[in-house]
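start.pdb (PDB, C-alpha atoms)
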```
ATOM      1  CA  MET W   1     100.587  83.116  44.935
ATOM      2  CA  GLY W   2      99.820  80.706  42.098
ATOM      3  CA  LYS W   3      96.751  80.669  39.906
ATOM      4  CA  ILE W   4      93.783  78.834  41.376
ATOM      5  CA  SER W   5      93.867  76.214  38.609
ATOM      6  CA  ASP W   6      97.427  75.117  39.362
ATOM      7  CA  LYS W   7      97.335  74.974  43.172
ATOM      8  CA  ILE W   8      96.471  71.282  43.560
ATOM      9  CA  MET W   9      99.661  69.213  43.591
ATOM     10  CA  SER W  10     101.431  66.399  45.410
ATOM     11  CA  MET W  11     103.499  66.984  48.532
ATOM     12  CA  LYS W  12     106.587  66.119  46.504
ATOM     13  CA  GLU W  13     105.772  68.882  43.994
ATOM     14  CA  ALA W  14     104.869  71.423  46.677
ATOM     15  CA  ILE W  15     108.111  70.957  48.616
ATOM     16  CA  LYS W  16     110.173  71.005  45.418
ATOM     17  CA  ASN W  17     108.522  74.201  44.175
ATOM     18  CA  PHE W  18     108.332  76.246  47.356
ATOM     19  CA  VAL W  19     110.881  75.041  49.951
ATOM     20  CA  HIS W  20     114.441  75.979  49.036
ATOM     21  CA  ASP W  21     117.860  75.672  50.657
ATOM     22  CA  ASP W  22     118.592  78.359  53.282
ATOM     23  CA  ASN W  23     114.881  79.186  53.728
ATOM     24  CA  LEU W  24     113.241  80.140  57.010
ATOM     25  CA  VAL W  25     110.431  77.566  57.218
ATOM     26  CA  PHE W  26     107.344  77.523  59.454
ATOM     27  CA  LEU W  27     105.895  74.078  60.152
ATOM     28  CA  GLY W  28     102.421  74.183  61.642
ATOM     29  CA  GLY W  29     100.662  72.095  64.244
ATOM     30  CA  PHE W  30     100.558  72.339  68.023
ATOM     31  CA  GLY W  31      99.650  68.834  69.170
ATOM     32  CA  ASN W  32      96.878  68.833  66.577
ATOM     33  CA  GLY W  33      97.919  68.370  62.937
ATOM     34  CA  ILE W  34     101.710  68.544  63.169
ATOM     35  CA  THR W  35     103.189  68.609  59.666
ATOM     36  CA  PHE W  36     105.110  65.315  59.712
ATOM     37  CA  SER W  37     104.354  64.396  56.101
ATOM     38  CA  ALA W  38     105.801  67.689  54.861
ATOM     39  CA  ALA W  39     108.860  67.305  57.086
ATOM     40  CA  HIS W  40     109.518  63.812  55.748
ATOM     41  CA  GLU W  41     109.325  65.060  52.169
ATOM     42  CA  ILE W  42     111.762  67.861  53.017
ATOM     43  CA  ILE W  43     114.137  65.185  54.299
ATOM     44  CA  ARG W  44     113.720  63.001  51.208
ATOM     45  CA  GLN W  45     114.526  65.964  48.966
ATOM     46  CA  LYS W  46     117.674  66.663  51.013
ATOM     47  CA  LYS W  47     117.074  70.366  51.531
ATOM     48  CA  LYS W  48     120.009  72.131  53.169
ATOM     49  CA  ASN W  49     120.688  74.817  55.770
ATOM     50  CA  LEU W  50     117.067  75.366  56.707
ATOM     51  CA  LYS W  51     116.114  77.568  59.627
ATOM     52  CA  ILE W  52     112.914  76.098  61.063
ATOM     53  CA  CYS W  53     110.465  77.778  63.421
ATOM     54  CA  LYS W  54     107.416  76.872  65.478
ATOM     55  CA  CYS W  55     106.380  77.275  69.094
ATOM     56  CA  SER W  56     106.901  73.628  70.023
ATOM     57  CA  GLY W  57     109.686  71.736  68.227
ATOM     58  CA  GLY W  58     109.338  68.202  69.575
ATOM     59  CA  LEU W  59     109.766  65.087  67.449
ATOM     60  CA  LEU W  60     109.257  67.040  64.228
ATOM     61  CA  PHE W  61     112.323  69.203  64.789
ATOM     62  CA  ASP W  62     114.306  66.244  66.099
ATOM     63  CA  GLN W  63     113.821  64.432  62.790
ATOM     64  CA  LEU W  64     114.772  67.432  60.647
ATOM     65  CA  ILE W  65     117.856  68.006  62.810
ATOM     66  CA  GLY W  66     118.897  64.359  62.683
ATOM     67  CA  ALA W  67     118.498  64.208  58.904
ATOM     68  CA  GLY W  68     120.858  67.163  58.537
ATOM     69  CA  VAL W  69     118.440  69.484  56.729
ATOM     70  CA  ALA W  70     118.072  72.057  59.541
ATOM     71  CA  ASN W  71     120.983  73.899  61.144
ATOM     72  CA  GLN W  72     119.031  76.608  62.985
ATOM     73  CA  ILE W  73     115.856  76.374  65.054
ATOM     74  CA  ILE W  74     113.550  78.933  66.643
ATOM     75  CA  THR W  75     111.379  77.232  69.257
ATOM     76  CA  SER W  76     110.618  76.998  72.971
ATOM     77  CA  HIS W  77     111.702  73.373  73.328
ATOM     78  CA  CYS W  78     112.685  70.233  71.446
ATOM     79  CA  TRP W  79     111.724  67.232  73.554
ATOM     80  CA  ASN W  80     109.532  64.133  73.438
ATOM     81  CA  GLY W  81     106.503  64.919  75.555
ATOM     82  CA  THR W  82     105.498  61.243  75.649
ATOM     83  CA  GLY W  83     107.266  60.030  78.731
ATOM     84  CA  PRO W  84     108.683  62.671  78.834
ATOM     85  CA  GLN W  85     111.870  61.518  77.126
ATOM     86  CA  PRO W  86     114.841  63.105  75.352
ATOM     87  CA  THR W  87     115.020  63.836  71.653
ATOM     88  CA  TRP W  88     118.374  62.279  70.879
ATOM     89  CA  ASN W  89     119.133  63.984  67.556
ATOM     90  CA  PHE W  90     118.664  67.392  69.151
ATOM     91  CA  LYS W  91     120.905  66.317  72.032
ATOM     92  CA  ARG W  92     123.618  65.002  69.691
ATOM     93  CA  ALA W  93     123.546  68.175  67.601
ATOM     94  CA  MET W  94     123.760  70.519  70.589
ATOM     95  CA  GLU W  95     126.397  68.558  72.515
ATOM     96  CA  GLU W  96     128.493  66.962  69.765
ATOM     97  CA  GLY W  97     127.702  68.807  66.533
ATOM     98  CA  ILE W  98     126.280  65.615  64.973
ATOM     99  CA  PRO W  99     125.283  65.643  62.141
ATOM    100  CA  GLN W 100     126.208  69.347  62.163
ATOM    101  CA  LYS W 101     126.418  72.307  64.512
ATOM    102  CA  LEU W 102     122.981  73.523  65.539
ATOM    103  CA  ILE W 103     122.114  77.124  66.378
ATOM    104  CA  TYR W 104     119.249  77.231  68.865
ATOM    105  CA  ASN W 105     117.282  80.456  69.270
ATOM    106  CA  GLU W 106     115.338  79.547  72.407
ATOM    107  CA  GLN W 107     112.253  81.625  73.136
ATOM    108  CA  SER W 108     109.059  81.194  75.113
ATOM    109  CA  LEU W 109     105.885  79.861  73.526
ATOM    110  CA  PHE W 110     104.211  83.241  73.856
ATOM    111  CA  MET W 111     107.172  85.191  72.474
ATOM    112  CA  ILE W 112     107.218  83.139  69.284
ATOM    113  CA  ASN W 113     103.461  83.284  68.821
ATOM    114  CA  MET W 114     103.495  87.063  69.215
ATOM    115  CA  SER W 115     106.367  87.330  66.729
ATOM    116  CA  PHE W 116     104.214  85.388  64.270
ATOM    117  CA  PHE W 117     101.279  87.677  65.081
ATOM    118  CA  ALA W 118     103.419  90.729  64.319
ATOM    119  CA  GLY W 119     104.415  89.156  61.007
ATOM    120  CA  TYR W 120     100.767  88.347  60.280
ATOM    121  CA  MET W 121      99.719  91.951  61.006
ATOM    122  CA  GLY W 122     102.548  93.482  58.973
ATOM    123  CA  VAL W 123     104.077  95.386  61.892
ATOM    124  CA  PRO W 124     107.776  95.267  62.893
ATOM    125  CA  PHE W 125     107.276  94.145  66.491
ATOM    126  CA  MET W 126     104.728  93.254  69.148
ATOM    127  CA  PRO W 127     104.733  94.458  72.787
ATOM    128  CA  ILE W 128     104.462  91.801  75.512
ATOM    129  CA  ARG W 129     104.821  91.692  79.301
ATOM    130  CA  SER W 130     105.528  88.018  79.931
ATOM    131  CA  ILE W 131     109.344  88.136  79.848
ATOM    132  CA  ILE W 132     109.860  91.198  82.046
ATOM    133  CA  GLY W 133     112.230  90.191  84.846
ATOM    134  CA  THR W 134     113.615  87.127  83.051
ATOM    135  CA  SER W 135     117.079  86.470  81.613
ATOM    136  CA  ILE W 136     115.711  85.988  78.100
ATOM    137  CA  TYR W 137     117.345  89.266  77.050
ATOM    138  CA  ASP W 138     120.795  87.779  77.650
ATOM    139  CA  HIS W 139     120.784  86.032  74.300
ATOM    140  CA  PRO W 140     123.770  84.655  72.393
ATOM    141  CA  LYS W 141     124.804  86.979  69.581
ATOM    142  CA  ASP W 142     124.689  84.227  66.956
ATOM    143  CA  VAL W 143     120.908  83.832  67.171
ATOM    144  CA  GLY W 144     119.982  87.466  66.593
ATOM    145  CA  LEU W 145     117.723  89.725  68.621
ATOM    146  CA  LYS W 146     115.084  87.898  70.656
ATOM    147  CA  ALA W 147     113.546  90.836  72.465
ATOM    148  CA  ALA W 148     114.156  94.432  73.448
ATOM    149  CA  ARG W 149     112.971  96.991  75.977
ATOM    150  CA  ILE W 150     111.355 100.245  74.882
ATOM    151  CA  GLN W 151     109.525 103.081  76.592
ATOM    152  CA  CYS W 152     105.796 103.118  75.942
ATOM    153  CA  PRO W 153     104.960 106.399  74.122
ATOM    154  CA  PHE W 154     101.610 106.608  75.916
ATOM    155  CA  THR W 155     102.407 105.743  79.545
ATOM    156  CA  GLY W 156     106.177 106.125  79.726
ATOM    157  CA  GLU W 157     106.563 102.665  81.274
ATOM    158  CA  GLU W 158     109.158 100.179  80.108
ATOM    159  CA  ILE W 159     107.715  97.439  77.926
ATOM    160  CA  CYS W 160     109.162  94.399  76.133
ATOM    161  CA  VAL W 161     108.890  93.990  72.378
ATOM    162  CA  VAL W 162     109.565  90.972  70.165
ATOM    163  CA  PRO W 163     110.413  91.255  66.452
ATOM    164  CA  ALA W 164     108.123  90.098  63.653
ATOM    165  CA  ILE W 165     108.856  86.747  62.050
ATOM    166  CA  ASN W 166     108.032  86.367  58.350
ATOM    167  CA  PRO W 167     109.115  82.904  57.178
ATOM    168  CA  ASP W 168     109.956  82.376  53.521
ATOM    169  CA  VAL W 169     107.489  79.501  53.384
ATOM    170  CA  GLY W 170     105.086  77.700  55.690
ATOM    171  CA  VAL W 171     103.258  74.366  55.666
ATOM    172  CA  ILE W 172     100.150  73.406  57.613
ATOM    173  CA  GLN W 173      98.127  70.198  57.930
ATOM    174  CA  VAL W 174      94.409  70.923  58.289
ATOM    175  CA  GLN W 175      91.195  68.945  58.393
ATOM    176  CA  ARG W 176      89.862  70.296  55.124
ATOM    177  CA  SER W 177      90.415  72.796  52.343
ATOM    178  CA  ASP W 178      88.823  73.605  49.031
ATOM    179  CA  SER W 179      90.884  73.454  45.853
ATOM    180  CA  GLU W 180      91.638  77.175  46.063
ATOM    181  CA  GLY W 181      93.244  76.954  49.509
ATOM    182  CA  ASN W 182      90.511  78.180  51.845
ATOM    183  CA  ALA W 183      91.690  75.988  54.706
ATOM    184  CA  GLN W 184      89.784  75.045  57.841
ATOM    185  CA  MET W 185      91.025  73.713  61.145
ATOM    186  CA  TRP W 186      89.362  73.023  64.485
ATOM    187  CA  GLY W 187      90.488  71.733  67.841
ATOM    188  CA  LEU W 188      93.786  72.956  69.259
ATOM    189  CA  ILE W 189      95.155  75.656  66.924
ATOM    190  CA  GLY W 190      98.215  76.854  68.875
ATOM    191  CA  ASP W 191     100.531  78.932  66.680
ATOM    192  CA  THR W 192      99.218  77.498  63.398
ATOM    193  CA  LYS W 193      96.959  80.402  62.388
ATOM    194  CA  PHE W 194      99.348  83.245  63.211
ATOM    195  CA  GLY W 195     102.353  81.287  61.957
ATOM    196  CA  ILE W 196     101.000  80.393  58.533
ATOM    197  CA  ASN W 197      99.584  83.859  57.896
ATOM    198  CA  SER W 198     102.993  85.400  58.592
ATOM    199  CA  CYS W 199     104.594  83.405  55.739
ATOM    200  CA  LYS W 200     105.553  84.691  52.298
ATOM    201  CA  LYS W 201     104.627  81.400  50.596
ATOM    202  CA  ILE W 202     102.009  78.957  51.887
ATOM    203  CA  ILE W 203     101.452  75.224  51.389
ATOM    204  CA  VAL W 204      98.175  73.782  52.694
ATOM    205  CA  ALA W 205      97.975  70.008  53.208
ATOM    206  CA  ALA W 206      94.511  68.692  54.003
ATOM    207  CA  GLU W 207      92.883  65.481  55.134
ATOM    208  CA  GLU W 208      90.057  66.239  52.722
ATOM    209  CA  ILE W 209      89.561  68.471  49.682
ATOM    210  CA  VAL W 210      85.967  69.707  49.760
ATOM    211  CA  ASP W 211      83.697  71.899  47.693
ATOM    212  CA  LYS W 212      83.833  75.622  48.390
ATOM    213  CA  LYS W 213      80.213  75.429  49.560
ATOM    214  CA  VAL W 214      81.305  73.295  52.528
ATOM    215  CA  ILE W 215      83.822  75.965  53.537
ATOM    216  CA  MET W 216      81.176  78.696  53.295
ATOM    217  CA  GLU W 217      78.855  76.805  55.635
ATOM    218  CA  SER W 218      81.227  77.373  58.579
ATOM    219  CA  PRO W 219      83.518  80.316  57.732
ATOM    220  CA  GLU W 220      84.641  80.699  61.355
ATOM    221  CA  ARG W 221      86.790  77.580  60.976
ATOM    222  CA  THR W 222      88.842  79.078  58.137
ATOM    223  CA  ILE W 223      92.375  79.905  59.317
ATOM    224  CA  VAL W 224      93.917  80.957  55.995
ATOM    225  CA  THR W 225      92.214  82.137  52.815
ATOM    226  CA  ALA W 226      92.798  81.297  49.169
ATOM    227  CA  HIS W 227      94.414  84.558  48.088
ATOM    228  CA  LYS W 228      97.433  83.786  50.290
ATOM    229  CA  VAL W 229      97.882  80.119  49.377
ATOM    230  CA  ASP W 230     100.332  78.825  46.765
ATOM    231  CA  ALA W 231      99.803  75.054  46.919
ATOM    232  CA  VAL W 232      97.068  72.683  48.074
ATOM    233  CA  VAL W 233      97.935  69.049  48.820
ATOM    234  CA  HIS W 234      95.466  66.249  49.497
ATOM    235  CA  GLU W 235      97.372  64.385  52.219
ATOM    236  CA  PRO W 236      95.294  62.034  54.421
ATOM    237  CA  TRP W 237      97.030  61.136  57.695
ATOM    238  CA  GLY W 238      99.663  63.767  57.010
ATOM    239  CA  GLY W 239      99.880  64.631  60.700
ATOM    240  CA  HIS W 240     100.619  61.146  62.067
ATOM    241  CA  PRO W 241     101.965  60.403  64.701
ATOM    242  CA  SER W 242     100.259  63.541  66.053
ATOM    243  CA  TYR W 243      96.482  63.596  66.164
ATOM    244  CA  MET W 244      94.077  65.374  63.846
ATOM    245  CA  GLN W 245      90.901  66.387  65.643
ATOM    246  CA  GLY W 246      87.996  64.340  64.303
ATOM    247  CA  TYR W 247      90.167  62.199  62.009
ATOM    248  CA  TYR W 248      92.709  60.208  64.040
ATOM    249  CA  TYR W 249      94.107  59.976  67.541
ATOM    250  CA  ASN W 250      97.594  60.616  68.885
ATOM    251  CA  ASP W 251      99.828  57.570  68.343
ATOM    252  CA  LEU W 252     101.276  57.393  71.846
ATOM    253  CA  GLU W 253     102.895  53.994  71.282
ATOM    254  CA  TYR W 254     104.791  55.281  68.242
ATOM    255  CA  ARG W 255     105.895  58.417  70.075
ATOM    256  CA  PHE W 256     106.971  56.516  73.189
ATOM    257  CA  ASN W 257     108.980  53.998  71.159
ATOM    258  CA  TYR W 258     110.622  56.783  69.160
ATOM    259  CA  ALA W 259     112.964  57.583  72.056
ATOM    260  CA  LYS W 260     114.417  54.091  72.371
ATOM    261  CA  GLU W 261     114.449  53.563  68.594
ATOM    262  CA  THR W 262     116.566  56.688  67.975
ATOM    263  CA  LYS W 263     118.848  56.680  71.024
ATOM    264  CA  THR W 264     122.102  55.916  69.201
ATOM    265  CA  LEU W 265     123.180  57.237  65.822
ATOM    266  CA  GLU W 266     122.837  53.747  64.352
ATOM    267  CA  ASP W 267     119.344  53.433  65.851
ATOM    268  CA  TRP W 268     118.386  56.761  64.289
ATOM    269  CA  GLU W 269     119.692  55.829  60.851
ATOM    270  CA  ASN W 270     117.666  52.603  60.927
ATOM    271  CA  TRP W 271     114.552  54.487  62.035
ATOM    272  CA  LEU W 272     115.000  57.112  59.321
ATOM    273  CA  GLU W 273     115.322  54.475  56.609
ATOM    274  CA  LYS W 274     112.246  52.572  57.786
ATOM    275  CA  TRP W 275     109.881  55.523  58.115
ATOM    276  CA  VAL W 276     111.209  58.189  55.730
ATOM    277  CA  THR W 277     113.895  57.482  53.147
ATOM    278  CA  SER W 278     112.711  54.024  52.032
ATOM    279  CA  VAL W 279     109.177  55.261  51.297
ATOM    280  CA  ASN W 280     108.263  57.540  48.408
ATOM    281  CA  ASP W 281     105.260  59.320  49.874
ATOM    282  CA  ARG W 282     102.645  59.295  52.620
ATOM    283  CA  ALA W 283     100.708  56.440  51.054
ATOM    284  CA  GLU W 284     103.751  54.163  51.334
ATOM    285  CA  TYR W 285     104.342  55.431  54.887
ATOM    286  CA  LEU W 286     100.829  54.293  55.785
ATOM    287  CA  ASN W 287     101.605  50.849  54.378
ATOM    288  CA  VAL W 288     104.497  50.636  56.849
ATOM    289  CA  LEU W 289     102.229  51.832  59.652
ATOM    290  CA  GLY W 290      99.762  49.066  58.810
ATOM    291  CA  GLU W 291      95.998  48.758  58.469
ATOM    292  CA  GLU W 292      95.527  47.434  62.008
ATOM    293  CA  LYS W 293      97.188  50.485  63.582
ATOM    294  CA  ILE W 294      95.329  52.851  61.250
ATOM    295  CA  MET W 295      91.958  51.412  62.243
ATOM    296  CA  LYS W 296      92.921  51.577  65.926
ATOM    297  CA  LEU W 297      93.811  55.275  65.642
ATOM    298  CA  LYS W 298      90.849  56.324  63.506
ATOM    299  CA  ALA W 299      88.697  58.821  65.395
ATOM    300  CA  LYS W 300      85.073  58.237  66.313
ATOM    301  CA  SER W 301      82.471  60.211  64.394
ATOM    302  CA  ILE W 302      80.781  62.503  66.928
ATOM    303  CA  MET W 303      79.295  65.499  65.118
ATOM    304  CA  GLN W 304      78.627  68.846  66.813
ATOM    305  CA  GLY W 305      75.650  71.143  66.261
ATOM    306  CA  ALA W 306      75.382  73.507  63.301
ATOM    307  CA  VAL W 307      74.670  77.242  63.490
ATOM    308  CA  ASN W 308      72.471  79.479  61.329
ATOM    309  CA  TYR W 309      74.304  82.142  59.293
ATOM    310  CA  GLY W 310      71.219  83.134  57.324
ATOM    311  CA  TYR W 311      72.662  82.448  53.882
TER     312      TYR W 311
END
```
If you convert what's in this file into structure tokens, what do you get?
Amino acid sequence: MGKISDKIMSMKEAIKNFVHDDNLVFLGGFGNGITFSAAHEIIRQKKKNLKICKCSGGLLFDQLIGAGVANQIITSHCWNGTGPQPTWNFKRAMEEGIPQKLIYNEQSLFMINMSFFAGYMGVPFMPIRSIIGTSIYDHPKDVGLKAARIQCPFTGEEICVVPAINPDVGVIQVQRSDSEGNAQMWGLIGDTKFGINSCKKIIVAAEEIVDKKVIMESPERTIVTAHKVDAVVHEPWGGHPSYMQGYYYNDLEYRFNYAKETKTLEDWENWLEKWVTSVNDRAEYLNVLGEEKIMKLKAKSIMQGAVNYGY
């Protein structure tokens, strides 16, 4: 963890300092606040041989796979839920080894989340029941152990266990954080809280940087605390094309068009240049997106009631 005074930095600096070749990387967001800005910076910096993990891979993983920065994934799926439609980079990598061979450690949503929870709690595994009777145990040897069966020491029954996951580094996109890294998120959380707290190094990207007093007014929204955080990035619209509850809506048009705009390798290379490699940062990305689209996606301001904490 860095000193409080040196945590504020750009996304470019955060990725350079904390995401390294061959790392296991957690990328937060489950529908709400998917870390697209961080992923695009990882691509621009041409990181190599990353193993990436999250419960739901989707377009985010497809882009990292297509750019050649990730050669292993741990997720439940990698598809375009808008349609639904295929993710063509994932398909090319699995079927043709383009741009490189991809190792896919396929697990259920719940398995991965419980592996993150085990990592968060500092225990080696977590017992679950949901995969009893499935073929998930019959895993390929090249992806490592997904799950095991043990005898419960208290009841004697057979129970499933999944191993802890402790990524080298994780990135999340949240609604707000203070400069120290006390980060708050609301709406759909998914695996973001357990995932980021299981990481050895943590980057927080936020729509807003607020005073610590604002954080203290609603502590129940805090999903990771300052003592764990290494970098804080002010990154408005860092989750686009996903939505960020209370800030902007899901860009369904963008997500739907993504499938046809990346279908062939040439299509993908053109898409990548337009949205990622020809822009230097998120601000330039938003220029490509355009003011009209930004205003269309901007969320309405509908505030919810406050509660009394007595301090």
Residue members of the PyMOL selection byres ((chain W and resi 83) around 10) in the file shown, as a ChimeraX atom specification: /W:79-82,84-86,252,255-257,259
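Candidate residues W:Asn250, W:Ser198, W:Ser108, W:Thr192 were compared for distance to Ala164 (chain W), and the nearest is W:Ser198, using all atoms listed in the file.
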Pick out the closest residue to Tyr104 (chain W) from this set: W:Asn89, W:Asn287, W:Ser218, W:Gln72. Count all atoms listed in the file. W:Gln72
To one decimal place in Å, what is the distance between CA of Ser56 (chain W) and CA of His20 (chain W)?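 Pair CA of Ser56 (chain W) / CA of His20 (chain W) returns 22.4 Å.
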Could you give me, as CSV, a per-residue list for region 145-202 of chain W showing, wherever an atom lies at most 12 Å from an atom of region 11-16 of chain W, the closest pair of atoms and their distance in Å to one decimal, using all atoms listed in the file and sorting by chain then residue number from low to high?
```
residue,atom,partner,partner_atom,distance
W:Val169,CA,W:Ile15,CA,9.8
W:Gly170,CA,W:Ile15,CA,10.2
W:Val171,CA,W:Ile15,CA,9.2
W:Ile172,CA,W:Met11,CA,11.6
W:Gln173,CA,W:Met11,CA,11.3
W:Lys201,CA,W:Ala14,CA,10.7
W:Ile202,CA,W:Ala14,CA,9.6
```
With C-alpha atoms retained, export the selected residues as a compact mmCIF listing (two decimals), in the frame of the given file.
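The resulting again.txt:
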```txt
# COMPACT_ATOMS: atom_id res chain seq x y z
CA VAL W 169 107.49 79.50 53.38
CA GLY W 170 105.09 77.70 55.69
CA VAL W 171 103.26 74.37 55.67
CA ILE W 172 100.15 73.41 57.61
CA GLN W 173 98.13 70.20 57.93
CA LYS W 201 104.63 81.40 50.60
CA ILE W 202 102.01 78.96 51.89
```
Quick check, in Å to one decimal: how far apart do CA of Val229 (chain W) and CA of Leu286 (chain W) lie? 26.8 Å
Among listed residues W:Asn270, W:Gly181, W:Ser278, W:Gly290, nearest Ile8 (chain W) (using only C-alpha atoms):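 Ranking W:Asn270, W:Gly181, W:Ser278, W:Gly290 by distance to Ile8 (chain W), first place goes to W:Gly181.
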Working from the structure I just supplied, which lacks atoms in region 101-115 of chain W, can you model N, CA and C atoms there and output them as a JSON list (two decimals), in the frame of the given file?
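Below is the file out17.json, written as the result:
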```
[["chain", "number", "residue", "atom", "x", "y", "z"],
["W", 101, "LYS", "N", 126.65, 71.35, 63.44],
["W", 101, "LYS", "CA", 126.42, 72.31, 64.51],
["W", 101, "LYS", "C", 125.01, 72.88, 64.39],
["W", 102, "LEU", "N", 124.35, 73.01, 65.51],
["W", 102, "LEU", "CA", 122.98, 73.52, 65.54],
["W", 102, "LEU", "C", 122.92, 74.83, 66.31],
["W", 103, "ILE", "N", 122.35, 75.85, 65.71],
["W", 103, "ILE", "CA", 122.11, 77.12, 66.38],
["W", 103, "ILE", "C", 120.69, 77.12, 66.91],
["W", 104, "TYR", "N", 120.55, 77.31, 68.21],
["W", 104, "TYR", "CA", 119.25, 77.23, 68.86],
["W", 104, "TYR", "C", 118.85, 78.60, 69.41],
["W", 105, "ASN", "N", 117.86, 79.20, 68.79],
["W", 105, "ASN", "CA", 117.28, 80.46, 69.27],
["W", 105, "ASN", "C", 116.09, 80.11, 70.16],
["W", 106, "GLU", "N", 116.36, 79.97, 71.46],
["W", 106, "GLU", "CA", 115.34, 79.55, 72.41],
["W", 106, "GLU", "C", 114.50, 80.73, 72.86],
["W", 107, "GLN", "N", 113.19, 80.59, 72.70],
["W", 107, "GLN", "CA", 112.25, 81.62, 73.14],
["W", 107, "GLN", "C", 111.07, 80.96, 73.82],
["W", 108, "SER", "N", 110.24, 81.76, 74.48],
["W", 108, "SER", "CA", 109.06, 81.19, 75.11],
["W", 108, "SER", "C", 107.97, 80.96, 74.06],
["W", 109, "LEU", "N", 107.02, 80.11, 74.41],
["W", 109, "LEU", "CA", 105.88, 79.86, 73.53],
["W", 109, "LEU", "C", 105.19, 81.16, 73.13],
["W", 110, "PHE", "N", 104.95, 82.01, 74.11],
["W", 110, "PHE", "CA", 104.21, 83.24, 73.86],
["W", 110, "PHE", "C", 105.02, 84.22, 73.02],
["W", 111, "MET", "N", 106.32, 84.31, 73.28],
["W", 111, "MET", "CA", 107.17, 85.19, 72.47],
["W", 111, "MET", "C", 107.09, 84.85, 70.99],
["W", 112, "ILE", "N", 107.22, 83.56, 70.68],
["W", 112, "ILE", "CA", 107.22, 83.14, 69.28],
["W", 112, "ILE", "C", 105.86, 83.39, 68.65],
["W", 113, "ASN", "N", 104.80, 83.07, 69.37],
["W", 113, "ASN", "CA", 103.46, 83.28, 68.82],
["W", 113, "ASN", "C", 103.20, 84.76, 68.55],
["W", 114, "MET", "N", 103.68, 85.63, 69.43],
["W", 114, "MET", "CA", 103.50, 87.06, 69.22],
["W", 114, "MET", "C", 104.39, 87.59, 68.09],
["W", 115, "SER", "N", 105.54, 86.97, 67.88],
["W", 115, "SER", "CA", 106.37, 87.33, 66.73],
["W", 115, "SER", "C", 105.66, 86.95, 65.44]]
```
